[in-house]
Every structure is written in C-alpha cells, then in structure tokens.
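S.K.: Below is the structure I would like to discuss, written out as structure tokens.
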Amino acid sequence: MDSTKLFVKVKEKNLDSAIKCAENFIPSSEDEDELDEKTILSNLYQHYKESKDSQLLKKTSGILENVLQSGAATCLICIGSVRRTDSIWSCRHCYCFFHLNCIRRWANDSIAQIKAQTSQDDQGYYNHLGEFIPPKKKRGVRWFCPQCREEYEPVERPTVYKCFCGNEENPTYQPFLVPHSCGEICSKQLQPQCGHKCMLLCHPGPCPPCAQYAVTACQCGHSAKKSIRCAEKYWQCTKKCTLLLSCGKHVCNQICHKAGFCPPCSSTSKQSCECGAEIKTRNCSDLKWKCQKICNKKYACGIHKCKVVCHSGDCGECPLGLPRSCPCGKTKKTGPCSEVVDTCGDTCQKLLACGTHYCTQRCHRGQCNLCMIIIKKKCRCGLHEKELPCSKEFSCEMKCKQIRECGKHACNRKCCDGNCPPCDKICGKQLSCKKHKCKSICHDGPCYPCELKSQINCPCGKTSKTVPCGREKRARIVCLETCRIKSKCQHPNNHRCHRGDCPPCNQKCNVPLETCSHLCLAKCHSVVKVEIRDANLTKKLDTIKKFEYKSLPHPKCEQSVMATCVGGHETSAWPCWLSSPSSCKRPCNRLLRCGNHKCQLICHPVPNLLDMNEQIGCGACEEGCNITRPTGCIHPCRRACHLPPCAVCNVNMKSNCHCGLSQVLYKCSEYFRTDGTENDIMEQREKLKSCGNRCLKNYSCGHRCVAICHSGKCPNPESCRKKVRIYCKCKRLKIEVSCDKHRDGLKEIPCDQNCVETRNKQEELQKQEAEKLLLEEEAKNRLEVEQFEKKFGKRKFKERKTQVEHINKPFNWKQFGIYAGIAIAILIAVIVAVYTEN
C-alpha cells in the first residue's frame, strides 16, 4: 500500500514538471515581433554624419540588417537562428554572430583536442627494436573562429554575454534599441586612428570611418589647406613632385606624395657594368650591375689571371703567391706563384660526406671519393638492418601504421621516419546541412559549414533570397508586398507578406460601446488567439499547446472625461469608466467657525462646492487657544480656540529678590507689561523684585552698601565715610581716618625717634645672635672632621710575631717493629751472600 502511494505521488510530480516544460517551451520557428527599424536606425545615427562612399559603413549597415531582422543572423555552429533575446558572441575580425553556449563549447572542444594531441606527441614512444622515438615539435594551443579562422588564446574563451561595445554585461533586450546593444555611445577608437571615437550608439560590425572634418594640407604641402573628412585627411593634390631622384639625373613626376617617399626612377639610360665590358639600356634605379664575363686580367705576377666575375677596381695580389698548403692541408709552404705545390704523400684524412669516416687515399687534388666502408645501416623506420656502403641510403618496404594528424587514417608511407606527412584524403563527412559532404582535406574537429547556396521564396512568390545551404527552413525572407490572406476580423490586412498565421490585428476596434457614447479604442479583439485549457492533465502531454480563436468582450472605456471631486477641490481628466464623482483624498481646508483653523477631514460631500467656509459634514474645531502670548509670559490661555485678544494673565510669580535674602510675589501681567516707555517698564520690574531691606553687598573699599535692595552694582561707592585704622612702618603708632582719605592715598604714618632707637637695638641683637650661631657651627664641623680622620685615617704598621707550636706525639711501636724487621732481613741477606762467595 505504501509503495502504491509513493508511485502516485511521484507520478503527479512528474506530470506537474512536464506541464511546466510544455508551457515554457518556445519553438525555434516562431517569429518574433516586428521592430520599428526606421526609428532604431535614426536613433543609432543621430550623433553621426553619414559617409556614403565608405565600404565599412556598408558592411556595418549589412550587419545591422541581420540583427534587426529576426532569423536573418544564423549561428554557423548549430545552424540555428540567432534570436534578439539570445546571448551571443561576435568575432572581432569578421564580426560574425554565434550563440554564446555554442562558441564556448566550440572553443573548449578545440582546445581539448589540441591538448590531447600535444600530450601524446610530447611523450614520444619506443619502437619494436627498443629505440626511443623523440616527441614531435610542440604546437601552440589555440582555438579559431568558425567563420574566418582567426586565432584566439585560451584565456580569450568567451564566458560572459556582453554588448557590442563591451561596456555592459548581459544587456537587457529593449524593443526600441538595436538587439544585443546597451543603447550607449560606442566610444571605440576609429580606424585608422585619428584621435576621435565612434559616435554611433552601441552597434554590431566595424565602426564606420570618421565623419568629422579637419583642415589639413596635402601630402607634399604645396597646395593650400582645405577642410576634408578626418578619415581622408591624407589627401593628394594635382601637382607633380619636382624633387631630384636618387639617380641624380631625372626629376620625380609622380602626383603629390610625402617628401622622401619618391618611387624609384622609371626612366632608362645606357649604363655600363662594373668592369665596363658591356653597356646596356637599363632603369636608372639600377645603377650597379654585373655582367657574366670573367675578369681574366693578369695579377701583378704577370702569370696568373683573375677569375672573379665582373668587378670594379684593382684585382689585388695573386692568391697563389700567398702561403699555401698541400691539398690535404698538413704541409704548408711559401714560394712564388709560379711554383706548383705538390702533394705531401701522406694520407688525406679529410672528413668524408658521410660525416663519420675519413678519406684513406693519399694526399690528392680535388674532392674525395664517396665513402665505401661497409657498415650495418638501419632503415629510416628502424625496423630492419643491412650491411651497405656508408654512402648509400637504406629504406625498407615496411609501411608506417602510425595515425596521422587527422586522427583517422594511417600514414602507409614506406619506411617512415616518424614525421608523417599531413593526410591528403578527402574528409567525406556529411555536413550540417544534411545534404552534402565535406570536400576538404581530412581534418580533425568539426567541418566547415556548407559553402553552397540555396534560393528560397516568400509565401506570395514575388520575393526570393539566396541563403546558405541548410538554412532554408529557418532563414527569414523579407517581402515588402502586402499580405494576401483574408482577414479574420473587420479590419483589412496592412502587414507585409509572411509565413504561417497572420499576426494579431493591432488596429483599433472603433466599435461604439454600450455603456457610454464613446468608440472602443482598444486593440482589435473580435478574433483573438486563446489557449485551450484542459482539466485532464494527461491530455496535455499529447500536444504542447492548443489554441482557438474567440471574440473577447469590450474592455472598459479609457477615454478621458473631466470630473470634479465631491469636495470641489479639483477637476481633472479621468477614464470614462471611472468618471463618477469621488473623493480626491485631499484635506477639506474649509475655514471653521473659530476663524483660526481649517477642516482637516479627507475630501467629503458638501452642499455648496464653491463656498470654502464651514458647511454640513465639516468637523468642529477641538483645539485650544494658539494665540501668541506677550513676550516673557509662559502661561497658556485657558479658553477654547477664539479670536484675539486673550485675557490678561493674573498668575502669581515667585522669585528671589535682587540681594537674594528673601522671595517676592508679583503678577505675570504686571512684570511683563508692554504699555509705557522702556524706562518705566524697567523701573516697574526693579521695584517688583526689590524686598525693601538694606543691600547686603560691599563697596570696593570693603564696607557695606547703604542703599535699599537693588540689582547690578552698588550706587555711589565714593560717598563711604567709614573710619579706617592706619599704622606706622614699625606698627608701633596708629590713628583712625575716614574711608575717603584712605582711598586718596593716606595708607601709613611716619615713625618718631623712639621707633628709630627701638629698631637699632633689635638690629644689634640680631647681629650678635648671628655671630654666636656661626661660632657654634664652626665648632661642630671641626669635631666631625676629627671623628672622621680617627675612623678612616692611616694606621701604623706592626710586625707580627711567629709562634712555634710543639706537639708531643706518642711513640709508634708497631712502625718501629716493621722497620727493625726489614733491617734485620737485609743484614741476613748480605751475610749469606758473603758466605757463599767464599
């Protein structure tokens, strides 16, 4: 059961994908919409002044015709029409179009085949004799344009769809522009380079010659300057050149050309050869020539003659008088030219023509004989070996089985050395046209397109066209005759001759509508091609699409009618089917009863459209008073929205007084009143903010201000009469004076005689105390020096006494016994030796 459900689920999924593919399928034979070619070409040439006598302009126009006409341009790789919406690539040399995918696959296949061949050739191989055959010479990896065979590097493989000028990637198709173009100015450098850029819009093919004018002189510079097209600025006048030619006799008679580029002299004159033996009539440009006569003049020796062919000047010294050698070159001799140098009698030993062996004859004159040494020689292919004289070539009858560069046929050359010649057989493959076979020499890779032509006729038979073989079905022929097929609608056919069904009628319907009195201005819809929708999904897989012709109802009337909105704000043109009065969505803006504000409701119906005052349906004013308060007042008006003026502000305000000692209360309207002069207003504000107490500030002299609480600086500081106490210089005497005298400069009083005596006594006491301190300081320093010398000064040297220490050691009887035993043994040995001698 689970497998059945899974099968049904997969089946439905496959049916859905098949339906989508069928809906999105566009057959290649389907014609594209017609373009307004005149408008496109006029826009293309709007920045360019046409030059009629230019082959490049004709070539560009021909390529433009192929681009604008659907199906006229054909991809030579797939033999399919290049549609206006296809991604293309154009050759920079022949400007031929190809599908981007086709040329990309072509380039990749070509490079892969060349790399495969070079990889096989680079390795080399061993023949059946075990000899290594070196690899062939490497070939550069290139790919070629299928049309003109222009070479391209591997890095130039097309990967991106670009416009013709190359400034934009993936240009979008616009029906009012040249297909595959970006619509901007080309801006390529014109050829030949003159410094100007192409002013056509982005276009296919070569840029036309420069159409600008320049004031230039002729090539020789003898004629006056004139205005001429920039592409033809190197012009020639009718005057002849008068410069002397290289022969030095004749004058150049060619028409205007650049100085220094005179052609060779074409006149004839009698000229002698270098030796002067012959005289011939020759061109002046060939001043030196040689005859075939040998000089035969005797050298200075008077015996031998010069054997050089026709020369000028002295023959030089006799070559036989120079140091000479025997024919084999082993013996050298210097002697007169009359003496003949004999052979030396030694073996010749010159290298023979074979390049391996040496001549075994005795020293001889003339050339050496052929090498007759018998050696074993291999044939060119290296398969057989035979004993032959060294000078003879050996080739076997074995045919080469190596595959040639075509990759199909064997070499079959007798005794091939590995460098097989190119294949000379005919390819014979069937071409892409499916009618003819390739007649080229056997080659690798795809064949060239068929070169034959076929003639096709339009449906009416009045226009014919020659197209490449194999493109008859997809090639488009443009016939200027009117279509002869009977129209299916009420309008006559006004389109050109075509293939297949007639295109939809683009004329206006012009049938009166039932809902209004206007004519239907929509596109003709009496006979419209409609796709048939079938509910059964399985039937959709049998045919891609099914159509039928139906008559569609009239669309809504779009003719403009003047209509006014329900609020009377605007009168504008509306489509007829939407011309009933409605809200314009603007604010009402009618003046409300308050006289200050306007109705902010969205446009609504009112009884009188012309009255801009409040009417039935307008919203009442719900805002408060917005009248500007007097300057300084911050309290809003509590009344509803009304006309000016507002009531007086009686709000009590509290603030610190001028001296900051207490707070005062006053009304806002009294403080910020505007009636009266500016001085009166300032006095009123000064009184309202004064507390009436004495000012707390001090004068500059330091005494308290005597005025009542005020703002700013204290008034009349010079009227202060307070008492100030002053002293003498020693602060012993003092008196009191008024503040004004102290400010005038009375700062101190003079000292008397007692003050002077007291000051002198104090100075003597200070002097005695300073001397006493000085003596105490000197005594203290002296004591510190003595202590330092006592601690770190030099010490007297005292000789140390040596003490001898006597140690009483106990007698070692054991050691004494050992020594005594040794002495006794020695004594016994001596006695025995004496006894034996006696």
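So you can find residues: chains in the structure tokens are A, B, ... in the order shown, residues in each start at 1, and ligands are numbered from 1 in order.
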What lies within 8 Å of range 156-172 of chain A using only C-alpha atoms, ignoring chain neighbours under 5 positions off, as a list in words?
M.R.: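 Near neighbours after the sequence-gap exclusion: Ser87, Ile88, Trp89, Ser90, Leu100, Ile103, Arg104, Ala107, Asn108, His180, Ser181, Cys182, Cys186, Ser187, Lys188, Cys202, His203 and Pro204 of chain A.
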S.K.: Using only C-alpha atoms, can you tell me which of A:Leu200, A:Cys603, A:Ala825, A:Asp346 comes closest to Ile185 in chain A?
M.R.: A:Leu200
S.K.: How many Å separate CA of Cys265 in chain A from CA of Ser285 in chain A?
M.R.: 5.2 Å
